[in-house]
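So the structure is just underneath, and the comments pick up after that.
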Amino acid sequence: MEGGGPENTQAAGDFLLSEYQLSNFQKMLHVTTLPYFELLLKTSWVKGTPISTTIEAYRTYPNLH
């Protein structure tokens with residue numbers, strides 16, 4: 001997990017710890033269990049507001065165990 005700054009790294013961590021975000025990602029993939037994956041997240045932040053995160057691109061590795 002890596003971000004371009006502390007806020008971006010925090011947003012990535014928040015995404016991974018959010019049941020809501022991961023559930024939506026899982027629905028987008030149409031799978032019952034998440035495979036190994038990579039995400040490119042776009043974050044938007046205005047001082048004093050929560051960070052919003054959207055998925056810009058993803059790659060899955062379904063054959064890795």
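Residue numbers start at 1 in each chain; chains themselves are named A, B, ... in the order of the structure tokens; ligands are numbered from 1 in the order shown.
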- request: Could you find all residues in chain A that DSSP calls strand (DSSP E) from the backbone, and write them as a VMD selection string?
  value: chain A and resid 36 to 44 52 to 61
Practice task
Taking the DSSP assignment computed from this structure's backbone, write out as a PyMOL selection string all residues of chain A that belong to helix (DSSP H, G or I).
Solution key: chain A and resi 6-17+19-29
Near segment 54-56 of chain A, counting only C-alpha atoms, which residues have an atom at most 9 Å away, once you skip same-chain residues fewer than 3 positions from it, shown as an mmCIF file with N, CA and C atoms, in the first residue's frame?
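Listing of out-v2.cif after writing:
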```
data_model
loop_
_atom_site.group_PDB
_atom_site.id
_atom_site.type_symbol
_atom_site.label_atom_id
_atom_site.label_comp_id
_atom_site.auth_asym_id
_atom_site.auth_seq_id
_atom_site.Cartn_x
_atom_site.Cartn_y
_atom_site.Cartn_z
ATOM 1 N N PHE A 25 -16.607 -3.384 -4.177
ATOM 2 C CA PHE A 25 -15.577 -3.856 -5.108
ATOM 3 C C PHE A 25 -15.840 -5.324 -5.459
ATOM 4 N N LEU A 39 -5.214 -2.130 -6.922
ATOM 5 C CA LEU A 39 -6.144 -1.040 -7.185
ATOM 6 C C LEU A 39 -5.383 0.255 -7.419
ATOM 7 N N LEU A 40 -5.920 1.068 -8.316
ATOM 8 C CA LEU A 40 -5.486 2.454 -8.450
ATOM 9 C C LEU A 40 -6.657 3.286 -7.967
ATOM 10 N N LEU A 41 -6.454 3.979 -6.849
ATOM 11 C CA LEU A 41 -7.519 4.767 -6.251
ATOM 12 C C LEU A 41 -7.293 6.243 -6.523
ATOM 13 N N LYS A 42 -8.382 6.945 -6.772
ATOM 14 C CA LYS A 42 -8.338 8.401 -6.898
ATOM 15 C C LYS A 42 -8.931 8.967 -5.620
ATOM 16 N N THR A 43 -8.209 9.871 -5.000
ATOM 17 C CA THR A 43 -8.706 10.484 -3.775
ATOM 18 C C THR A 43 -8.987 11.958 -4.019
ATOM 19 N N SER A 44 -10.030 12.432 -3.379
ATOM 20 C CA SER A 44 -10.384 13.851 -3.415
ATOM 21 C C SER A 44 -10.495 14.316 -1.983
#
```
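Every protein or nucleic acid residue with an atom no more than 10 Å from Arg59 of chain A, counting only C-alpha atoms and leaving out same-chain residues fewer than 3 positions away, appears here: Pro35, Tyr36, Phe37, Glu38, Leu39, Leu40 and Pro62 of chain A.
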File of the preceding selection, N, CA and C atoms, as a PDB file, in the first residue's frame:
```
ATOM      1  N   PRO A  35     -10.222 -12.207  -4.962  1.00  0.00           N
ATOM      2  CA  PRO A  35      -8.925 -12.739  -5.381  1.00  0.00           C
ATOM      3  C   PRO A  35      -7.830 -11.744  -4.973  1.00  0.00           C
ATOM      4  N   TYR A  36      -6.578 -12.112  -5.191  1.00  0.00           N
ATOM      5  CA  TYR A  36      -5.518 -11.128  -5.051  1.00  0.00           C
ATOM      6  C   TYR A  36      -5.793 -10.022  -6.058  1.00  0.00           C
ATOM      7  N   PHE A  37      -5.509  -8.776  -5.674  1.00  0.00           N
ATOM      8  CA  PHE A  37      -5.822  -7.668  -6.574  1.00  0.00           C
ATOM      9  C   PHE A  37      -4.896  -6.479  -6.345  1.00  0.00           C
ATOM     10  N   GLU A  38      -4.877  -5.612  -7.336  1.00  0.00           N
ATOM     11  CA  GLU A  38      -4.218  -4.311  -7.255  1.00  0.00           C
ATOM     12  C   GLU A  38      -5.270  -3.269  -7.592  1.00  0.00           C
ATOM     13  N   LEU A  39      -5.214  -2.130  -6.922  1.00  0.00           N
ATOM     14  CA  LEU A  39      -6.144  -1.040  -7.185  1.00  0.00           C
ATOM     15  C   LEU A  39      -5.383   0.255  -7.419  1.00  0.00           C
ATOM     16  N   LEU A  40      -5.920   1.068  -8.316  1.00  0.00           N
ATOM     17  CA  LEU A  40      -5.486   2.454  -8.450  1.00  0.00           C
ATOM     18  C   LEU A  40      -6.657   3.286  -7.967  1.00  0.00           C
ATOM     19  N   PRO A  62      -6.702 -14.030 -10.232  1.00  0.00           N
ATOM     20  CA  PRO A  62      -7.553 -15.107  -9.703  1.00  0.00           C
ATOM     21  C   PRO A  62      -6.858 -16.447  -9.567  1.00  0.00           C
TER      22      PRO A  62
END
```
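Proximity to segment 7-24 of chain A at 8 Å, evaluated using only C-alpha atoms and with sequence-adjacent residues fewer than 4 positions away removed, yields Met1, Glu2, Gly3, Met28, Leu41, Thr43, Ile51, Ser52 and Thr53 of chain A.
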